[in-house]
file start-v4.txt (compact mmCIF, C-alpha atoms)
# COMPACT_ATOMS: atom_id res chain seq x y z
CA MET T 64 10.21 -7.14 17.53
CA GLY T 65 13.55 -7.48 19.22
CA ASP T 66 15.95 -4.84 20.41
CA LYS T 67 17.44 -4.36 16.93
CA CYS T 68 14.62 -3.91 14.45
CA SER T 69 15.17 -5.36 10.99
CA LEU T 70 11.53 -5.80 9.94
CA CYS T 71 11.88 -3.59 6.89
CA PRO T 72 14.65 -3.20 4.30
CA ARG T 73 15.94 -0.09 6.08
CA GLY T 74 17.43 -2.39 8.72
CA CYS T 75 17.77 0.52 11.14
CA LEU T 76 18.55 -1.90 14.03
CA ILE T 77 16.99 0.52 16.50
CA ASP T 78 15.60 -0.79 19.79
CA ARG T 79 11.96 0.08 19.16
CA ASN T 80 11.03 -1.04 22.66
CA ASN T 81 12.65 2.16 23.92
CA ARG T 82 12.65 4.61 21.01
CA VAL T 83 11.18 5.13 17.56
CA GLY T 84 12.74 3.49 14.54
CA TYR T 85 13.27 4.89 11.08
CA CYS T 86 9.53 4.34 10.63
CA ASN T 87 8.78 7.03 13.28
CA VAL T 88 7.04 4.64 15.69
CA ASN T 89 8.09 2.37 18.53
CA SER T 90 7.17 -1.29 18.98
CA GLN T 91 3.60 -0.63 20.21
CA LEU T 92 0.80 -0.97 17.67
CA LYS T 93 -0.37 2.48 16.64
CA ILE T 94 -3.22 3.37 14.31
CA ALA T 95 -4.80 6.62 13.14
CA ARG T 96 -8.11 5.46 11.73
CA ALA T 97 -10.23 2.33 11.22
CA SER T 98 -13.24 2.75 8.95
CA LEU T 99 -15.04 1.66 5.81
CA HIS T 100 -13.21 3.05 2.79
CA MET T 101 -15.00 3.42 -0.54
CA TRP T 102 -12.13 4.59 -2.72
CA GLU T 103 -10.03 1.47 -3.19
CA GLU T 104 -10.13 -0.62 -6.37
CA PRO T 105 -13.70 -1.82 -7.16
CA CYS T 106 -12.87 -5.43 -6.29
CA ILE T 107 -11.71 -4.33 -2.83
CA SER T 108 -14.18 -1.61 -1.84
CA GLY T 109 -17.24 -2.89 -3.68
CA GLU T 110 -20.50 -1.28 -2.59
CA LYS T 111 -20.05 -1.78 1.15
CA GLY T 112 -16.47 -0.58 1.54
CA SER T 113 -13.14 -1.98 2.61
CA GLY T 114 -12.45 -2.27 6.34
CA THR T 115 -9.41 -0.04 6.27
CA ILE T 116 -6.96 0.30 9.15
CA PHE T 117 -4.36 3.04 8.80
CA PHE T 118 -1.21 2.24 10.78
CA SER T 119 0.96 5.12 11.97
CA GLY T 120 4.51 5.46 10.69
CA CYS T 121 6.17 4.46 7.42
CA ASN T 122 9.58 3.26 6.28
CA LEU T 123 9.66 5.62 3.29
CA ARG T 124 10.14 9.38 3.23
CA CYS T 125 8.01 10.39 0.26
CA VAL T 126 8.09 14.16 -0.06
CA TYR T 127 4.63 14.14 -1.66
CA CYS T 128 2.98 11.85 0.90
CA GLN T 129 -0.79 12.35 1.17
CA ASN T 130 -0.80 10.85 4.67
CA TYR T 131 2.05 13.01 5.94
CA ASN T 132 0.71 13.48 9.45
CA ILE T 133 0.63 9.77 10.20
CA SER T 134 3.55 8.61 8.06
CA HIS T 135 6.14 11.30 8.86
CA ASN T 136 4.79 12.70 12.12
CA GLY T 137 3.61 9.40 13.60
CA PHE T 138 0.16 10.64 14.59
CA GLY T 139 -2.11 7.95 16.02
CA LYS T 140 -3.16 6.06 19.12
CA GLU T 141 -1.37 3.10 20.64
CA ILE T 142 -3.51 -0.02 20.98
CA SER T 143 -3.10 -3.63 22.08
CA VAL T 144 -3.17 -6.70 19.86
CA SER T 145 -6.49 -7.71 21.42
CA ARG T 146 -7.94 -4.29 20.55
CA LEU T 147 -6.82 -4.77 16.94
CA VAL T 148 -8.69 -8.07 16.87
CA GLU T 149 -11.79 -6.29 18.16
CA ILE T 150 -11.46 -3.72 15.38
CA PHE T 151 -11.39 -6.52 12.79
CA PHE T 152 -14.73 -7.77 14.07
CA GLU T 153 -16.22 -4.29 14.40
CA LEU T 154 -15.41 -3.54 10.76
CA ARG T 155 -16.86 -6.88 9.71
CA ASP T 156 -20.05 -6.12 11.62
CA ARG T 157 -20.31 -2.81 9.76
CA GLY T 158 -20.34 -4.71 6.46
CA ALA T 159 -16.70 -4.53 5.38
CA ASN T 160 -15.75 -6.70 2.41
CA ASN T 161 -12.28 -7.30 3.82
CA ILE T 162 -9.72 -6.01 6.29
CA ASN T 163 -7.34 -3.61 4.59
CA LEU T 164 -4.05 -3.16 6.47
CA VAL T 165 -2.51 0.12 5.29
CA THR T 166 1.24 0.67 5.75
CA PRO T 167 1.63 -2.39 7.99
CA SER T 168 5.25 -3.39 7.32
CA HIS T 169 6.76 -2.19 10.61
CA PHE T 170 4.10 -3.96 12.73
CA VAL T 171 4.00 -7.36 11.01
CA PRO T 172 4.72 -9.61 14.06
CA LEU T 173 1.87 -8.01 16.02
CA ILE T 174 -0.46 -8.02 13.03
CA LYS T 175 0.32 -11.70 12.50
CA GLU T 176 -0.60 -12.37 16.12
CA ALA T 177 -3.87 -10.49 15.70
CA ILE T 178 -4.82 -12.30 12.48
CA ILE T 179 -4.21 -15.70 14.09
CA MET T 180 -6.26 -14.71 17.14
CA ALA T 181 -9.09 -13.49 14.92
CA LYS T 182 -9.13 -16.65 12.81
CA GLU T 183 -9.24 -18.78 15.96
CA LYS T 184 -12.42 -16.87 16.85
CA GLY T 185 -13.97 -17.62 13.47
CA PHE T 186 -13.05 -14.49 11.53
CA ASP T 187 -13.57 -15.20 7.84
CA LEU T 188 -13.01 -12.01 5.82
CA PRO T 189 -10.00 -11.73 3.47
CA PHE T 190 -6.99 -9.77 4.70
CA VAL T 191 -5.44 -7.20 2.36
CA TYR T 192 -1.80 -6.16 2.84
CA ASN T 193 -1.64 -2.61 1.50
CA SER T 194 1.98 -1.46 1.51
CA SER T 195 4.52 0.79 -0.18
CA GLY T 196 6.05 -2.32 -1.69
CA TYR T 197 9.24 -1.65 0.24
CA ASP T 198 9.04 -4.90 2.22
CA SER T 199 11.59 -7.44 3.44
CA ILE T 200 11.23 -10.99 2.19
CA SER T 201 11.79 -12.40 5.67
CA THR T 202 8.99 -10.23 7.06
CA LEU T 203 6.60 -11.13 4.25
CA LYS T 204 7.25 -14.81 4.89
CA MET T 205 5.89 -14.35 8.41
CA LEU T 206 2.51 -13.75 6.76
CA ASP T 207 2.52 -16.74 4.40
CA GLY T 208 -0.94 -18.31 4.55
CA LEU T 209 -2.46 -15.39 6.47
CA ILE T 210 -2.72 -12.68 3.81
CA ASP T 211 -5.20 -13.19 0.98
CA VAL T 212 -4.58 -10.11 -1.17
CA TYR T 213 -1.38 -8.17 -1.60
CA LEU T 214 -1.77 -4.54 -2.68
CA PRO T 215 1.73 -3.06 -3.01
CA ASP T 216 2.82 0.18 -4.62
CA PHE T 217 5.47 0.23 -7.32
CA LYS T 218 6.50 3.88 -7.32
CA TYR T 219 9.80 4.08 -9.20
CA PHE T 220 11.72 2.16 -11.83
CA ASP T 221 14.80 4.28 -11.19
CA ASN T 222 16.62 4.35 -7.87
CA ASP T 223 17.69 7.93 -8.51
CA LEU T 224 14.03 8.92 -8.36
CA ALA T 225 13.55 6.79 -5.25
CA ILE T 226 16.43 8.58 -3.56
CA MET T 227 15.21 12.01 -4.62
CA TYR T 228 11.59 11.62 -3.58
CA SER T 229 11.59 8.86 -0.93
CA LYS T 230 15.18 8.73 0.38
CA CYS T 231 15.37 5.10 -0.64
CA PRO T 232 18.52 4.00 -2.52
CA ASN T 233 17.61 0.35 -3.20
CA TYR T 234 13.90 0.71 -3.84
CA VAL T 235 13.63 -0.93 -7.26
CA GLU T 236 15.37 -4.20 -6.40
CA VAL T 237 13.56 -4.53 -3.08
CA VAL T 238 10.11 -3.97 -4.56
CA MET T 239 10.71 -6.42 -7.39
CA GLU T 240 11.72 -9.12 -4.92
CA ALA T 241 8.83 -8.27 -2.57
CA ILE T 242 6.23 -8.57 -5.33
CA GLU T 243 7.77 -11.88 -6.39
CA GLU T 244 7.34 -13.20 -2.82
CA MET T 245 3.80 -11.84 -2.62
CA TYR T 246 2.89 -13.61 -5.84
CA ARG T 247 4.53 -16.82 -4.65
CA GLN T 248 2.29 -16.80 -1.60
CA VAL T 249 -1.10 -16.09 -3.16
CA GLY T 250 -0.71 -16.88 -6.86
CA ARG T 251 -3.08 -15.86 -9.62
CA PHE T 252 -6.08 -13.81 -8.58
CA VAL T 253 -9.43 -15.36 -7.64
CA PHE T 254 -12.73 -13.46 -7.52
CA ASP T 255 -16.02 -14.43 -5.90
CA GLU T 256 -19.46 -14.37 -7.50
CA ASN T 257 -19.79 -10.65 -6.72
CA ASN T 258 -16.49 -9.78 -8.44
CA MET T 259 -14.79 -9.14 -5.10
CA ILE T 260 -11.21 -10.35 -4.94
CA LYS T 261 -10.61 -13.34 -2.68
CA LYS T 262 -6.89 -13.70 -3.31
CA GLY T 263 -4.21 -12.37 -5.59
CA VAL T 264 -1.87 -9.43 -6.22
CA ILE T 265 -2.81 -5.93 -7.37
CA VAL T 266 0.17 -3.65 -7.97
CA ARG T 267 -0.46 0.08 -7.85
CA ASN T 268 1.41 2.74 -9.75
CA LEU T 269 0.66 6.37 -8.97
CA VAL T 270 1.59 8.28 -12.11
CA LEU T 271 3.72 11.28 -11.16
CA PRO T 272 3.73 14.59 -13.04
CA ASN T 273 6.58 14.73 -15.57
CA TYR T 274 7.38 11.04 -15.08
CA VAL T 275 5.30 9.25 -17.68
CA GLU T 276 8.26 7.10 -18.77
CA ASN T 277 8.77 5.93 -15.21
CA SER T 278 5.22 4.54 -15.13
CA LYS T 279 5.59 2.98 -18.58
CA ASN T 280 8.72 1.14 -17.47
CA ILE T 281 6.98 -0.20 -14.38
CA ILE T 282 3.97 -1.42 -16.36
CA LYS T 283 6.19 -3.11 -18.95
CA TYR T 284 8.19 -4.88 -16.26
CA LEU T 285 5.05 -6.10 -14.49
CA TYR T 286 3.41 -7.31 -17.69
CA ASP T 287 6.57 -8.98 -18.98
CA THR T 288 7.03 -10.72 -15.62
CA TYR T 289 3.49 -11.64 -14.56
CA ALA T 290 1.41 -11.20 -17.73
CA ASP T 291 -2.29 -11.26 -16.80
CA ASN T 292 -1.80 -13.22 -13.59
CA ILE T 293 -1.89 -10.01 -11.54
CA TYR T 294 -3.82 -6.77 -11.81
CA ILE T 295 -2.13 -3.44 -12.39
CA SER T 296 -3.82 -0.38 -10.92
CA ILE T 297 -2.84 2.75 -12.85
CA MET T 298 -3.67 5.73 -10.65
CA ASN T 299 -4.19 9.37 -11.66
CA GLN T 300 -5.04 10.76 -8.22
CA TYR T 301 -1.68 12.39 -7.49
CA THR T 302 -2.31 15.51 -5.43
CA PRO T 303 0.51 17.85 -4.33
CA CYS T 304 0.92 17.23 -0.62
CA GLY T 305 3.72 16.90 1.90
CA LYS T 306 6.79 19.12 1.54
CA LEU T 307 7.18 20.09 -2.10
CA GLU T 308 8.75 23.55 -1.94
CA GLY T 309 11.99 22.24 -3.40
CA TYR T 310 10.38 19.99 -6.00
CA PRO T 311 8.60 22.21 -8.54
CA GLU T 312 8.53 19.43 -11.15
CA ILE T 313 6.00 17.45 -9.10
CA ASN T 314 4.32 20.35 -7.34
CA ARG T 315 1.24 20.18 -9.54
CA LYS T 316 -1.57 17.80 -10.34
CA LEU T 317 -1.15 15.20 -13.05
CA ALA T 318 -2.23 16.38 -16.49
CA SER T 319 -4.91 14.37 -18.28
CA TYR T 320 -2.69 13.85 -21.32
CA GLU T 321 0.06 12.37 -19.13
CA TYR T 322 -2.28 9.81 -17.62
CA GLU T 323 -3.83 8.98 -20.99
CA GLU T 324 -0.38 8.33 -22.46
CA VAL T 325 0.37 5.80 -19.72
CA VAL T 326 -2.98 4.03 -20.15
CA GLU T 327 -2.60 3.92 -23.93
CA TYR T 328 0.85 2.42 -23.49
CA ALA T 329 -0.53 -0.31 -21.23
CA VAL T 330 -3.17 -1.11 -23.85
CA SER T 331 -0.52 -1.24 -26.58
CA LEU T 332 1.42 -3.83 -24.57
CA GLY T 333 -1.68 -6.02 -24.36
CA VAL T 334 -2.43 -5.48 -20.67
CA CYS T 335 -5.95 -6.76 -20.01
CA ASN T 336 -6.17 -6.88 -16.23
CA ALA T 337 -5.87 -3.30 -15.11
CA TYR T 338 -7.76 -0.70 -13.17
CA ILE T 339 -7.80 2.85 -14.47
CA GLN T 340 -9.35 5.99 -13.02
CA GLU T 341 -11.64 8.43 -14.73
CA ASP T 342 -10.53 11.92 -15.58
CA GLY T 343 -11.12 14.25 -12.65
CA THR T 344 -10.53 11.59 -10.02
CA CYS T 345 -7.66 13.63 -8.59
CA ASP T 346 -10.15 16.37 -7.77
CA GLU T 347 -11.95 14.14 -5.27
CA SER T 348 -10.75 13.69 -1.73
CA PHE T 349 -8.92 10.39 -1.35
CA ILE T 350 -7.33 11.55 1.88
CA PRO T 351 -9.36 10.46 4.91
CA SER T 352 -9.55 12.44 8.12
CA PHE T 353 -7.06 10.97 10.54
CA ASP T 354 -9.18 11.64 13.58
CA LEU T 355 -8.83 8.28 15.39
CA SER T 356 -12.23 7.16 14.10
CA GLY T 357 -12.83 3.52 14.95
CA VAL T 358 -9.72 3.30 17.11
call {"tool": "encode", "arguments": {"input": "start-v4.txt", "output": "structure tokens"}}
result
Amino acid sequence: MGDKCSLCPRGCLIDRNNRVGYCNVNSQLKIARASLHMWEEPCISGEKGSGTIFFSGCNLRCVYCQNYNISHNGFGKEISVSRLVEIFFELRDRGANNINLVTPSHFVPLIKEAIIMAKEKGFDLPFVYNSSGYDSISTLKMLDGLIDVYLPDFKYFDNDLAIMYSKCPNYVEVVMEAIEEMYRQVGRFVFDENNMIKKGVIVRNLVLPNYVENSKNIIKYLYDTYADNIYISIMNQYTPCGKLEGYPEINRKLASYEYEEVVEYAVSLGVCNAYIQEDGTCDESFIPSFDLSGV
């Protein structure tokens, strides 16, 4: 990764061979869990589950992060590229529909190496790039032809919110450009005979308490830009986590009426390709145990 890391838009230029970068990890692959995950979008999890690999570290600083221990604290175990390849095959052998790379941005060169190695050994499951959306174009281009499904977040349509909650001053522009590059690589979605996604882009928006208009603006932008060539996943599972003592406005669960307003707005725009969550979803546990399972 070089002695001056610029893999993500932070461009911290830290020598990650000798110390941790802004992402809270050094240059060695580090993961906290590898398992079948049943709580992704239906076209990703299906009935058998998505082969989900949670990478340690993150280039954002979301105060409400549900994975705080691995994103902010860097919990996990260091592994080799060859071990990552083994994990791909182990998840496939357990019945995974795909390999779901969660928060992978700061490890892309090593992940690329692992994907190529796996494909040379006959690995044939789709690869899902599941990120915060805060990705560099140059880093995404390293993966051109290797990633089948892009699953980015689009958290904010206002950089003031991005600064307040994720310490990220240029979030909106970066995410827009990243999604454009993702779409350029994989194009319009394709599903197999079992309604599992084979390629395409699904953009997630986690609706935040008190920020219905933020979600509406994101959905309008995505629909105006990509129409029904991508899927939009409108999520109601916000759960107060992380460090929220100083943020009372988001230190509560999302109200049903807030989520319904966002969904109704999407319908009014004409959005057809969307995933929505049933009322009460936020009461279920979407936060896995980061106990090094499968590592």
call {"tool": "closest_residue", "arguments": {"input": "start-v4.txt", "among": "T:Tyr213, T:Ser69, T:Arg79, T:Ala159", "to": "T:Met101", "atoms": "only C-alpha atoms"}}
result
T:Ala159
call {"tool": "residues_near_point", "arguments": {"input": "start-v4.txt", "point": "(-4.5, -5.4, 0.5)", "cutoff": "7 Å", "atoms": "only C-alpha atoms", "output": "PDB file with C-alpha atoms, in the frame of the given file"}}
result
ATOM      1  CA  ASN T 163      -7.340  -3.610   4.590  1.00  0.00           C
ATOM      2  CA  LEU T 164      -4.050  -3.160   6.470  1.00  0.00           C
ATOM      3  CA  PHE T 190      -6.990  -9.770   4.700  1.00  0.00           C
ATOM      4  CA  VAL T 191      -5.440  -7.200   2.360  1.00  0.00           C
ATOM      5  CA  TYR T 192      -1.800  -6.160   2.840  1.00  0.00           C
ATOM      6  CA  ASN T 193      -1.640  -2.610   1.500  1.00  0.00           C
ATOM      7  CA  VAL T 212      -4.580 -10.110  -1.170  1.00  0.00           C
ATOM      8  CA  TYR T 213      -1.380  -8.170  -1.600  1.00  0.00           C
ATOM      9  CA  LEU T 214      -1.770  -4.540  -2.680  1.00  0.00           C
TER      10      LEU T 214
END
call {"tool": "closest_atom_pairs", "arguments": {"input": "start-v4.txt", "of": "stretch 85-169 of chain T", "to": "stretch 220-231 of chain T", "cutoff": "6 Å", "atoms": "all atoms listed in the file", "output": "Markdown table"}}
result
| residue | atom | partner | partner_atom | distance |
| --- | --- | --- | --- | --- |
| T:Leu123 | CA | T:Ser229 | CA | 5.7 |
| T:Arg124 | CA | T:Ser229 | CA | 4.4 |
| T:Cys125 | CA | T:Ser229 | CA | 4.1 |
| T:Val126 | CA | T:Tyr228 | CA | 5.6 |
call {"tool": "closest_residue", "arguments": {"input": "start-v4.txt", "among": "T:Lys279, T:Met205, T:Tyr294, T:Phe353", "to": "T:Tyr322", "atoms": "all atoms listed in the file"}}
result
T:Lys279
call {"tool": "closest_residue", "arguments": {"input": "start-v4.txt", "among": "T:Pro272, T:Asn277, T:Gln300, T:Gly196", "to": "T:Ala318", "atoms": "only C-alpha atoms"}}
result
T:Pro272
call {"tool": "build_atoms", "arguments": {"input": "start-v4.txt", "residues": "stretch 183-202 of chain T", "atoms": "N, CA, C and O atoms", "output": "CSV table (one decimal), in the frame of the given file"}}
result
chain,number,residue,atom,x,y,z
T,183,GLU,N,-8.9,-17.8,14.9
T,183,GLU,CA,-9.2,-18.8,16.0
T,183,GLU,C,-10.6,-18.5,16.5
T,183,GLU,O,-11.3,-19.4,17.0
T,184,LYS,N,-11.1,-17.2,16.4
T,184,LYS,CA,-12.4,-16.9,16.8
T,184,LYS,C,-13.5,-16.9,15.7
T,184,LYS,O,-14.6,-16.4,15.9
T,185,GLY,N,-13.0,-17.4,14.6
T,185,GLY,CA,-14.0,-17.6,13.5
T,185,GLY,C,-14.0,-16.5,12.5
T,185,GLY,O,-14.9,-16.5,11.6
T,186,PHE,N,-13.1,-15.6,12.5
T,186,PHE,CA,-13.0,-14.5,11.5
T,186,PHE,C,-12.8,-15.0,10.1
T,186,PHE,O,-11.9,-15.8,9.9
T,187,ASP,N,-13.6,-14.6,9.2
T,187,ASP,CA,-13.6,-15.2,7.8
T,187,ASP,C,-13.4,-14.2,6.7
T,187,ASP,O,-13.6,-14.6,5.5
T,188,LEU,N,-13.2,-12.9,6.9
T,188,LEU,CA,-13.0,-12.0,5.8
T,188,LEU,C,-11.6,-12.1,5.3
T,188,LEU,O,-10.6,-12.4,6.0
T,189,PRO,N,-11.4,-11.8,4.0
T,189,PRO,CA,-10.0,-11.7,3.5
T,189,PRO,C,-9.2,-10.6,4.1
T,189,PRO,O,-9.8,-9.6,4.5
T,190,PHE,N,-7.9,-10.8,4.2
T,190,PHE,CA,-7.0,-9.8,4.7
T,190,PHE,C,-6.2,-9.2,3.5
T,190,PHE,O,-5.6,-10.0,2.7
T,191,VAL,N,-6.2,-7.9,3.4
T,191,VAL,CA,-5.4,-7.2,2.4
T,191,VAL,C,-4.2,-6.5,3.0
T,191,VAL,O,-4.3,-5.7,3.9
T,192,TYR,N,-3.1,-6.8,2.4
T,192,TYR,CA,-1.8,-6.2,2.8
T,192,TYR,C,-1.5,-5.0,1.9
T,192,TYR,O,-1.1,-5.2,0.8
T,193,ASN,N,-1.7,-3.8,2.3
T,193,ASN,CA,-1.6,-2.6,1.5
T,193,ASN,C,-0.4,-1.8,1.9
T,193,ASN,O,-0.4,-1.1,2.8
T,194,SER,N,0.7,-2.0,1.1
T,194,SER,CA,2.0,-1.5,1.5
T,194,SER,C,2.6,-0.6,0.4
T,194,SER,O,2.2,-0.6,-0.7
T,195,SER,N,3.7,0.0,0.8
T,195,SER,CA,4.5,0.8,-0.2
T,195,SER,C,5.3,-0.1,-1.1
T,195,SER,O,5.8,0.4,-2.1
T,196,GLY,N,5.3,-1.4,-0.9
T,196,GLY,CA,6.0,-2.3,-1.7
T,196,GLY,C,7.5,-2.5,-1.2
T,196,GLY,O,8.2,-3.4,-1.6
T,197,TYR,N,7.9,-1.6,-0.3
T,197,TYR,CA,9.2,-1.6,0.2
T,197,TYR,C,9.2,-2.6,1.5
T,197,TYR,O,9.2,-2.1,2.6
T,198,ASP,N,9.2,-3.9,1.2
T,198,ASP,CA,9.0,-4.9,2.2
T,198,ASP,C,10.2,-5.9,2.2
T,198,ASP,O,10.6,-6.3,1.1
T,199,SER,N,10.6,-6.4,3.3
T,199,SER,CA,11.6,-7.4,3.4
T,199,SER,C,11.0,-8.8,3.2
T,199,SER,O,9.9,-9.1,3.6
T,200,ILE,N,11.7,-9.6,2.5
T,200,ILE,CA,11.2,-11.0,2.2
T,200,ILE,C,11.0,-11.8,3.5
T,200,ILE,O,10.0,-12.4,3.6
T,201,SER,N,11.9,-11.7,4.4
T,201,SER,CA,11.8,-12.4,5.7
T,201,SER,C,10.5,-12.0,6.4
T,201,SER,O,9.9,-12.8,7.1
T,202,THR,N,10.2,-10.7,6.4
T,202,THR,CA,9.0,-10.2,7.1
T,202,THR,C,7.7,-10.7,6.3
T,202,THR,O,6.8,-11.1,7.0
